[in-house]
file entry_10.cif (mmCIF, C-alpha atoms)
data_input
#
loop_
_atom_site.label_atom_id
_atom_site.label_comp_id
_atom_site.auth_asym_id
_atom_site.auth_seq_id
_atom_site.Cartn_x
_atom_site.Cartn_y
_atom_site.Cartn_z
CA MET H 1 28.28 20.10 -5.27
CA PHE H 2 26.98 16.59 -4.97
CA VAL H 3 25.50 17.37 -1.58
CA ARG H 4 23.83 20.47 -2.93
CA TRP H 5 22.41 18.51 -5.85
CA SER H 6 20.91 15.82 -3.62
CA ALA H 7 19.49 18.51 -1.36
CA ALA H 8 17.77 19.97 -4.40
CA ILE H 9 16.35 16.58 -5.30
CA ALA H 10 15.16 16.07 -1.74
CA ALA H 11 13.52 19.50 -1.81
CA ALA H 12 11.80 18.66 -5.09
CA PHE H 13 10.44 15.48 -3.56
CA LEU H 14 9.24 17.33 -0.51
CA LEU H 15 7.37 19.77 -2.67
CA SER H 16 5.89 17.40 -5.19
CA SER H 17 5.12 14.02 -3.71
CA PRO H 18 2.77 13.00 -0.93
CA VAL H 19 4.35 12.43 2.43
CA LEU H 20 3.56 8.73 2.30
CA LEU H 21 5.83 8.08 -0.65
CA GLN H 22 8.64 10.19 0.73
CA GLY H 23 8.57 8.31 3.98
CA ALA H 24 8.41 5.00 2.21
CA ARG H 25 11.26 5.96 -0.13
CA ALA H 26 13.40 7.23 2.69
CA ALA H 27 13.06 4.03 4.69
CA ASN H 28 14.28 1.66 2.06
CA LYS H 29 13.81 -1.51 3.96
CA LEU H 30 10.62 -1.48 5.93
CA THR H 31 10.08 -4.32 8.37
CA ASP H 32 6.80 -6.21 8.69
CA PRO H 33 5.97 -4.61 12.07
CA GLN H 34 6.51 -1.18 10.46
CA ILE H 35 4.46 -2.08 7.39
CA ALA H 36 1.62 -3.32 9.60
CA HIS H 37 1.75 -0.04 11.53
CA ILE H 38 1.67 2.08 8.36
CA ALA H 39 -1.23 0.11 6.86
CA TYR H 40 -3.22 0.30 10.09
CA THR H 41 -2.49 4.03 10.46
CA ALA H 42 -3.59 4.66 6.87
CA GLY H 43 -6.90 2.95 7.70
CA VAL H 44 -7.42 4.91 10.91
CA ILE H 45 -6.81 8.17 9.02
CA ASP H 46 -9.55 7.42 6.52
CA ILE H 47 -11.91 6.31 9.32
CA ASN H 48 -11.39 9.66 11.07
CA ALA H 49 -11.95 11.53 7.82
CA ALA H 50 -15.18 9.55 7.28
CA LYS H 51 -16.40 10.33 10.80
CA GLN H 52 -15.82 14.03 10.19
CA ALA H 53 -17.69 13.76 6.87
CA GLN H 54 -20.64 12.01 8.52
CA LYS H 55 -21.05 15.04 10.75
CA LYS H 56 -20.44 17.73 8.15
CA ALA H 57 -21.40 16.44 4.69
CA LYS H 58 -24.63 17.66 3.10
CA ASN H 59 -24.78 15.78 -0.18
CA LYS H 60 -26.37 12.33 0.14
CA ASP H 61 -23.83 10.62 -2.14
CA VAL H 62 -21.00 12.08 -0.09
CA LYS H 63 -22.64 10.90 3.13
CA ALA H 64 -23.11 7.42 1.65
CA PHE H 65 -19.50 7.39 0.48
CA ALA H 66 -18.28 8.29 3.97
CA GLU H 67 -20.36 5.44 5.39
CA ASP H 68 -18.80 3.01 2.87
CA MET H 69 -15.29 4.17 3.85
CA LEU H 70 -16.02 3.73 7.53
CA ARG H 71 -17.41 0.23 7.02
CA ASP H 72 -14.62 -1.01 4.72
CA HIS H 73 -11.67 0.49 6.56
CA GLU H 74 -12.96 -0.80 9.90
CA ALA H 75 -13.29 -4.26 8.32
CA VAL H 76 -9.75 -4.11 6.89
CA ASN H 77 -8.26 -2.94 10.18
CA LYS H 78 -10.13 -5.65 12.07
CA GLN H 79 -8.51 -8.18 9.75
CA ALA H 80 -5.13 -6.52 10.18
CA LEU H 81 -5.41 -6.68 13.98
CA ALA H 82 -6.42 -10.34 13.83
CA LEU H 83 -3.43 -11.06 11.61
CA VAL H 84 -0.81 -9.30 13.75
CA LYS H 85 -2.20 -11.13 16.76
CA LYS H 86 -2.00 -14.45 14.95
CA LEU H 87 1.55 -13.74 13.76
CA ASN H 88 2.50 -12.42 17.17
CA VAL H 89 3.78 -9.20 15.63
CA THR H 90 3.67 -5.88 17.44
CA PRO H 91 3.11 -3.03 14.97
CA GLU H 92 5.99 -0.59 15.26
CA ASP H 93 5.62 3.16 14.96
CA ASN H 94 7.93 4.77 12.40
CA ASP H 95 8.61 7.99 10.51
CA THR H 96 6.18 7.20 7.69
CA SER H 97 3.32 6.54 10.14
CA LYS H 98 4.17 9.74 12.02
CA ALA H 99 4.32 11.83 8.86
CA LEU H 100 1.03 10.35 7.68
CA SER H 101 -0.71 11.11 10.96
CA LYS H 102 0.62 14.67 11.03
CA GLN H 103 -0.50 15.33 7.46
CA ALA H 104 -3.92 13.84 8.22
CA SER H 105 -4.53 15.92 11.33
CA ASP H 106 -3.61 19.07 9.39
CA LYS H 107 -6.12 18.04 6.71
CA LEU H 108 -8.85 17.39 9.29
CA ALA H 109 -8.30 20.87 10.71
CA GLU H 110 -8.37 22.40 7.23
CA LEU H 111 -11.61 20.60 6.29
CA ASP H 112 -13.17 21.47 9.62
CA LYS H 113 -13.23 25.14 8.58
CA LEU H 114 -15.38 24.33 5.54
CA ASP H 115 -19.12 23.80 5.40
CA GLY H 116 -21.83 22.61 3.04
CA ALA H 117 -20.94 22.09 -0.61
CA ALA H 118 -17.41 23.42 -0.07
CA PHE H 119 -16.77 20.75 2.54
CA ASP H 120 -18.30 18.00 0.37
CA LYS H 121 -16.08 18.91 -2.55
CA ALA H 122 -12.89 19.23 -0.51
CA TYR H 123 -13.53 15.97 1.36
CA VAL H 124 -14.12 13.97 -1.82
CA ALA H 125 -11.14 15.58 -3.59
CA ASN H 126 -8.94 14.65 -0.66
CA GLU H 127 -10.31 11.09 -0.66
CA VAL H 128 -9.31 10.73 -4.32
CA ALA H 129 -5.81 12.08 -3.63
CA TYR H 130 -5.38 10.14 -0.41
CA HIS H 131 -6.39 6.77 -1.88
CA LYS H 132 -4.15 7.44 -4.87
CA ALA H 133 -1.20 8.06 -2.54
CA VAL H 134 -1.94 5.00 -0.40
CA ASN H 135 -2.30 2.83 -3.51
CA GLY H 136 1.03 4.09 -4.84
CA ALA H 137 2.74 3.29 -1.55
CA LEU H 138 1.13 -0.15 -1.37
CA GLU H 139 2.18 -1.02 -4.90
CA THR H 140 5.70 0.36 -4.89
CA GLN H 141 6.79 -0.07 -1.29
CA LEU H 142 4.58 -1.85 1.21
CA ILE H 143 3.64 -4.95 -0.80
CA PRO H 144 7.14 -5.53 -2.26
CA SER H 145 8.73 -5.03 1.19
CA ALA H 146 6.41 -7.34 3.13
CA SER H 147 8.13 -10.61 4.05
CA ASN H 148 5.28 -12.55 5.59
CA ALA H 149 3.04 -14.13 2.95
CA GLU H 150 -0.19 -13.52 4.89
CA LEU H 151 0.67 -9.87 5.47
CA LYS H 152 1.49 -9.50 1.77
CA SER H 153 -1.81 -11.10 0.82
CA LEU H 154 -3.78 -8.81 3.17
CA LEU H 155 -2.01 -5.79 1.67
CA GLN H 156 -2.90 -7.03 -1.82
CA THR H 157 -6.57 -7.30 -0.85
CA GLY H 158 -6.24 -3.85 0.71
CA LEU H 159 -4.86 -2.50 -2.56
CA LYS H 160 -7.86 -3.81 -4.50
CA ILE H 161 -10.25 -2.29 -1.99
CA PHE H 162 -8.50 1.07 -2.01
CA GLN H 163 -8.38 1.09 -5.81
CA GLY H 164 -12.14 0.52 -5.66
CA HIS H 165 -12.48 3.40 -3.21
CA GLN H 166 -10.43 5.65 -5.46
CA GLN H 167 -12.73 4.93 -8.41
CA HIS H 168 -15.79 5.36 -6.21
CA ALA H 169 -14.45 8.70 -4.95
CA GLU H 170 -13.74 9.77 -8.54
CA HIS H 171 -17.36 8.98 -9.49
CA VAL H 172 -18.69 10.98 -6.54
CA ALA H 173 -16.32 13.87 -7.37
CA ALA H 174 -17.56 13.89 -10.97
CA GLU H 175 -21.19 13.99 -9.77
CA LEU H 176 -20.46 17.00 -7.57
CA LYS H 177 -19.24 19.10 -10.48
CA MET M 1 -61.66 -36.55 -38.01
CA SER M 2 -58.14 -37.49 -38.89
CA GLY M 3 -57.45 -33.87 -39.81
CA ARG M 4 -58.60 -32.83 -36.35
CA LEU M 5 -56.40 -35.44 -34.68
CA CYS M 6 -53.55 -34.25 -36.75
CA SER M 7 -53.94 -30.63 -35.67
CA ILE M 8 -54.19 -31.68 -32.02
CA ALA M 9 -50.97 -33.61 -32.45
CA VAL M 10 -49.34 -30.57 -34.03
CA ALA M 11 -50.61 -28.40 -31.18
CA LEU M 12 -49.17 -30.83 -28.63
CA VAL M 13 -45.81 -30.80 -30.32
CA PHE M 14 -45.79 -27.02 -30.28
CA ALA M 15 -46.86 -26.96 -26.65
CA ALA M 16 -43.99 -29.28 -25.77
CA MET M 17 -41.59 -26.95 -27.55
CA LEU M 18 -42.92 -23.98 -25.67
CA VAL M 19 -42.46 -25.50 -22.21
CA PRO M 20 -39.19 -24.01 -21.04
CA ALA M 21 -36.27 -26.15 -20.00
CA ARG M 22 -35.85 -26.51 -16.25
CA ALA M 23 -34.65 -23.27 -14.78
CA ALA M 24 -31.07 -23.46 -13.51
CA THR M 25 -29.36 -21.79 -10.57
CA ILE M 26 -26.08 -20.12 -11.38
CA GLU M 27 -23.59 -19.37 -8.63
CA ILE M 28 -21.24 -16.42 -8.84
CA THR M 29 -18.75 -15.73 -6.07
CA MET M 30 -17.24 -12.48 -4.89
CA GLU M 31 -13.97 -13.12 -3.13
CA ASN M 32 -11.02 -10.84 -2.51
CA LEU M 33 -12.74 -8.18 -4.58
CA VAL M 34 -13.00 -10.44 -7.62
CA ILE M 35 -16.25 -11.58 -9.24
CA SER M 36 -15.98 -15.07 -10.72
CA PRO M 37 -16.86 -16.19 -13.22
CA ALA M 38 -16.58 -12.73 -14.70
CA GLU M 39 -18.84 -13.73 -17.54
CA VAL M 40 -21.82 -16.02 -17.20
CA SER M 41 -24.40 -17.24 -19.71
CA ALA M 42 -27.91 -17.89 -18.47
CA LYS M 43 -31.51 -18.03 -19.65
CA VAL M 44 -34.62 -16.12 -18.73
CA GLY M 45 -36.12 -17.88 -15.71
CA ASP M 46 -32.75 -18.94 -14.30
CA THR M 47 -31.75 -17.84 -10.84
CA VAL M 48 -28.43 -16.15 -10.18
CA THR M 49 -26.97 -16.51 -6.70
CA TRP M 50 -24.15 -14.19 -5.76
CA ILE M 51 -22.09 -15.45 -2.83
CA ASN M 52 -20.07 -12.80 -1.05
CA LYS M 53 -17.13 -14.50 0.67
CA ASP M 54 -15.50 -11.22 1.69
CA VAL M 55 -15.75 -9.43 5.02
CA PHE M 56 -16.74 -6.37 2.99
CA ALA M 57 -20.18 -5.50 1.72
CA HIS M 58 -20.60 -5.61 -2.06
CA THR M 59 -23.36 -4.97 -4.56
CA ALA M 60 -24.26 -6.41 -7.94
CA THR M 61 -25.50 -3.33 -9.73
CA ALA M 62 -26.53 -3.40 -13.39
CA ASN M 63 -25.09 -0.59 -15.52
CA ASN M 64 -28.49 -0.28 -17.23
CA GLY M 65 -30.41 -0.08 -13.94
CA ASP M 66 -32.05 -3.52 -14.30
CA PHE M 67 -31.01 -4.68 -10.84
CA ASP M 68 -29.19 -3.55 -7.73
CA VAL M 69 -28.56 -6.42 -5.33
CA THR M 70 -26.89 -5.72 -1.99
CA LEU M 71 -24.57 -8.37 -0.57
CA PRO M 72 -23.66 -7.95 3.09
CA PRO M 73 -20.36 -9.52 4.22
CA LYS M 74 -20.38 -13.34 4.09
CA LYS M 75 -23.93 -13.41 2.71
CA ALA M 76 -25.56 -14.54 -0.51
CA ALA M 77 -28.45 -13.05 -2.48
CA THR M 78 -30.42 -14.24 -5.48
CA LEU M 79 -32.08 -12.77 -8.53
CA VAL M 80 -34.46 -14.44 -10.99
CA LEU M 81 -33.63 -13.35 -14.53
CA LYS M 82 -36.67 -11.92 -16.27
CA GLU M 83 -35.31 -10.32 -19.40
CA ALA M 84 -33.01 -11.46 -22.15
CA GLY M 85 -29.97 -9.41 -23.02
CA THR M 86 -26.38 -8.77 -22.03
CA VAL M 87 -26.04 -6.88 -18.80
CA ASP M 88 -22.77 -5.51 -17.45
CA TYR M 89 -22.78 -5.05 -13.71
CA TYR M 90 -20.41 -3.81 -11.02
CA CYS M 91 -20.07 -3.23 -7.30
CA ARG M 92 -21.15 0.28 -6.32
CA TYR M 93 -18.75 0.29 -3.36
CA HIS M 94 -15.79 -1.02 -5.36
CA PRO M 95 -16.39 -0.06 -9.01
CA ASN M 96 -13.24 -1.96 -10.01
CA MET M 97 -15.29 -5.16 -9.50
CA LYS M 98 -16.98 -5.77 -12.85
CA ALA M 99 -18.70 -8.69 -14.57
CA THR M 100 -21.19 -9.58 -17.31
CA LEU M 101 -24.41 -11.61 -17.42
CA LYS M 102 -25.50 -12.91 -20.82
CA VAL M 103 -29.17 -13.78 -20.60
CA GLY M 104 -30.61 -15.79 -23.47
CA PRO M 105 -34.35 -16.09 -24.14
#

call {"tool": "encode", "arguments": {"input": "entry_10.cif", "output": "structure tokens"}}
result
Amino acid sequence: MFVRWSAAIAAAFLLSSPVLLQGARAANKLTDPQIAHIAYTAGVIDINAAKQAQKKAKNKDVKAFAEDMLRDHEAVNKQALALVKKLNVTPEDNDTSKALSKQASDKLAELDKLDGAAFDKAYVANEVAYHKAVNGALETQLIPSASNAELKSLLQTGLKIFQGHQQHAEHVAAELK
Amino acid sequence: MSGRLCSIAVALVFAAMLVPARAATIEITMENLVISPAEVSAKVGDTVTWINKDVFAHTATANNGDFDVTLPPKKAATLVLKEAGTVDYYCRYHPNMKATLKVGP
């Protein structure tokens, strides 16, 4: 009975929440090398999405938004790499990173089938949802779990940037309607 | 004669009142996605210098369209205030960065 009940809860989570949060919830105690890997992976995912948008987007605001994402996420990841080098930490792959990457490659494939205004709309909608998910994970899991003060501080800066991106994406989405 | 002198004196006094105070330069920093001070009082003729200490590009963009200053990473940019009024501004790239300029005459 108890097992069945928890299976139902797990199923509900699987259906309702983004993969990032599930992964983060499942791995209760994330280590700094894992956190660094997740944060870096999250950045790479948005860089790849931006590169796809640069090729496919038609709307000039959407193109400009993609350029902003590319520039900011590359800057954050450059900082992250410098920090792990300084701290002598090797980012460690983990289930959350894997799930994130899988979900992102599925999304890239899905968006690749779209063109013109349909692509623009789907890309921006996904950017809103994606940044929302990343921000949730940063706030509830990654930042509280980080042990190293410098890593925590970089994640906090990251959170402010991504919150900015989410608002920016929401503005662009509203303009497209 | 004395009436004329008197009016010249009055004119001089008025002229002295009309000469504006020395224009000031006001520095506003953008660091870790925070604009500080978030509210600044200035006067027409003053210069505002925004200093971007982040590795990210920012902008100082007036809500009313008065100005749109781009700040590349680790760079500063200036603006001479030409009009009085209260202007709210934000960063176009990170709209959660917001601040206010109060420009007096």

call {"tool": "interface_residues", "arguments": {"input": "entry_10.cif", "of": "chain H", "to": "chain M", "cutoff": "10 Å", "atoms": "all atoms listed in the file", "output": "mmCIF file with C-alpha atoms, in the coordinates of the input"}}
result
data_model
loop_
_atom_site.group_PDB
_atom_site.id
_atom_site.type_symbol
_atom_site.label_atom_id
_atom_site.label_comp_id
_atom_site.auth_asym_id
_atom_site.auth_seq_id
_atom_site.Cartn_x
_atom_site.Cartn_y
_atom_site.Cartn_z
ATOM 1 C CA ALA H 64 -23.110 7.420 1.650
ATOM 2 C CA PHE H 65 -19.500 7.390 0.480
ATOM 3 C CA ASP H 68 -18.800 3.010 2.870
ATOM 4 C CA MET H 69 -15.290 4.170 3.850
ATOM 5 C CA ARG H 71 -17.410 0.230 7.020
ATOM 6 C CA ASP H 72 -14.620 -1.010 4.720
ATOM 7 C CA HIS H 73 -11.670 0.490 6.560
ATOM 8 C CA GLU H 74 -12.960 -0.800 9.900
ATOM 9 C CA ALA H 75 -13.290 -4.260 8.320
ATOM 10 C CA VAL H 76 -9.750 -4.110 6.890
ATOM 11 C CA LYS H 78 -10.130 -5.650 12.070
ATOM 12 C CA GLN H 79 -8.510 -8.180 9.750
ATOM 13 C CA SER H 153 -1.810 -11.100 0.820
ATOM 14 C CA LEU H 154 -3.780 -8.810 3.170
ATOM 15 C CA GLN H 156 -2.900 -7.030 -1.820
ATOM 16 C CA THR H 157 -6.570 -7.300 -0.850
ATOM 17 C CA GLY H 158 -6.240 -3.850 0.710
ATOM 18 C CA LEU H 159 -4.860 -2.500 -2.560
ATOM 19 C CA LYS H 160 -7.860 -3.810 -4.500
ATOM 20 C CA ILE H 161 -10.250 -2.290 -1.990
ATOM 21 C CA PHE H 162 -8.500 1.070 -2.010
ATOM 22 C CA GLN H 163 -8.380 1.090 -5.810
ATOM 23 C CA GLY H 164 -12.140 0.520 -5.660
ATOM 24 C CA HIS H 165 -12.480 3.400 -3.210
ATOM 25 C CA GLN H 166 -10.430 5.650 -5.460
ATOM 26 C CA GLN H 167 -12.730 4.930 -8.410
ATOM 27 C CA HIS H 168 -15.790 5.360 -6.210
ATOM 28 C CA ALA H 169 -14.450 8.700 -4.950
ATOM 29 C CA HIS H 171 -17.360 8.980 -9.490
#

call {"tool": "atom_distance", "arguments": {"input": "entry_10.cif", "atom1": "atom CA of M:Met30", "atom2": "atom CA of M:Val44"}}
result
22.5 Å

call {"tool": "closest_residue", "arguments": {"input": "entry_10.cif", "among": "M:Glu83, M:Glu39, M:Asp46, M:Asp88", "to": "M:Ala62", "atoms": "all atoms listed in the file"}}
result
M:Asp88

call {"tool": "atom_distance", "arguments": {"input": "entry_10.cif", "atom1": "atom CA of H:Ala80", "atom2": "atom CA of H:Ser105"}}
result
22.5 Å

call {"tool": "resolve_selection", "arguments": {"input": "entry_10.cif", "expression": "the PyMOL selection byres ((chain M and resi 61) around 10)", "output": "PyMOL selection string"}}
result
chain M and resi 58-60+62-70+87-93+95+98-99

call {"tool": "atom_distance", "arguments": {"input": "entry_10.cif", "atom1": "atom CA of H:Ala53", "atom2": "atom CA of H:Ala39"}}
result
21.4 Å

call {"tool": "residues_around", "arguments": {"input": "entry_10.cif", "residues": "H:Glu127", "least_positions_apart": "2", "cutoff": "10 Å", "atoms": "only C-alpha atoms", "output": "number ranges by chain"}}
result
H: 46, 49-50, 65-66, 69, 121-125, 129-133, 165-166, 168-170, 173

call {"tool": "closest_residue", "arguments": {"input": "entry_10.cif", "among": "M:Ile35, M:Ile28, M:Pro105, M:Gly45", "to": "M:Ala77", "atoms": "all atoms listed in the file"}}
result
M:Ile28

call {"tool": "residues_around", "arguments": {"input": "entry_10.cif", "residues": "H:Ser145", "least_positions_apart": "5", "cutoff": "10 Å", "atoms": "all atoms listed in the file", "output": "list of chain:residue names"}}
result
H:Asn28, H:Lys29, H:Leu30, H:Thr31, H:Asp32, H:Ile35, H:Leu138, H:Glu139, H:Thr140, H:Lys152

call {"tool": "residues_around", "arguments": {"input": "entry_10.cif", "residues": "M:Ala23", "least_positions_apart": "3", "cutoff": "12 Å", "atoms": "all atoms listed in the file", "output": "PyMOL selection string"}}
result
chain M and resi 19-20+26+42-48+80-82+105

call {"tool": "residues_around", "arguments": {"input": "entry_10.cif", "residues": "H:Lys51", "least_positions_apart": "4", "cutoff": "9 Å", "atoms": "only C-alpha atoms", "output": "list in words"}}
result
Asp46, Ile47, Lys55, Lys56, Ala66, Glu67 and Leu70 of chain H

call {"tool": "axis_aligned_box", "arguments": {"input": "entry_10.cif", "around": "stretch 81-97 of chain M", "padding_each_side": "4 Å", "output": "lines of an AutoDock Vina configuration file"}}
result
center_x = -25.0
center_y = -6.5
center_z = -13.2
size_x = 31.4
size_y = 21.6
size_z = 27.7

call {"tool": "resolve_selection", "arguments": {"input": "entry_10.cif", "expression": "the PyMOL selection byres ((chain M and resi 103) around 6)", "output": "number ranges by chain"}}
result
M: 41-43, 84-86, 102, 104

call {"tool": "build_atoms", "arguments": {"input": "entry_10.cif", "residues": "stretch 158-170 of chain H", "atoms": "N, CA and C atoms", "output": "short mmCIF file (atom, residue, chain, number, x, y, z; two decimals), in the frame of the given file"}}
result
data_model
loop_
_atom_site.label_atom_id
_atom_site.label_comp_id
_atom_site.auth_asym_id
_atom_site.auth_seq_id
_atom_site.Cartn_x
_atom_site.Cartn_y
_atom_site.Cartn_z
N GLY H 158 -6.07 -5.26 0.37
CA GLY H 158 -6.24 -3.85 0.71
C GLY H 158 -6.09 -2.98 -0.52
N LEU H 159 -5.10 -3.29 -1.34
CA LEU H 159 -4.86 -2.50 -2.56
C LEU H 159 -6.09 -2.53 -3.47
N LYS H 160 -6.68 -3.72 -3.63
CA LYS H 160 -7.86 -3.81 -4.50
C LYS H 160 -9.03 -3.00 -3.94
N ILE H 161 -9.18 -3.07 -2.62
CA ILE H 161 -10.25 -2.29 -1.99
C ILE H 161 -10.02 -0.80 -2.18
N PHE H 162 -8.79 -0.37 -1.92
CA PHE H 162 -8.50 1.07 -2.01
C PHE H 162 -8.58 1.57 -3.45
N GLN H 163 -8.21 0.70 -4.39
CA GLN H 163 -8.38 1.09 -5.81
C GLN H 163 -9.86 1.27 -6.10
N GLY H 164 -10.69 0.38 -5.52
CA GLY H 164 -12.14 0.52 -5.66
C GLY H 164 -12.62 1.83 -5.06
N HIS H 165 -12.10 2.14 -3.87
CA HIS H 165 -12.48 3.40 -3.21
C HIS H 165 -12.08 4.61 -4.04
N GLN H 166 -10.89 4.52 -4.64
CA GLN H 166 -10.43 5.65 -5.46
C GLN H 166 -11.39 5.88 -6.61
N GLN H 167 -11.78 4.80 -7.29
CA GLN H 167 -12.73 4.93 -8.41
C GLN H 167 -14.08 5.46 -7.94
N HIS H 168 -14.52 4.92 -6.79
CA HIS H 168 -15.79 5.36 -6.21
C HIS H 168 -15.73 6.86 -5.91
N ALA H 169 -14.61 7.28 -5.29
CA ALA H 169 -14.45 8.70 -4.95
C ALA H 169 -14.43 9.56 -6.21
N GLU H 170 -13.78 9.03 -7.27
CA GLU H 170 -13.74 9.77 -8.54
C GLU H 170 -15.15 9.94 -9.13
#
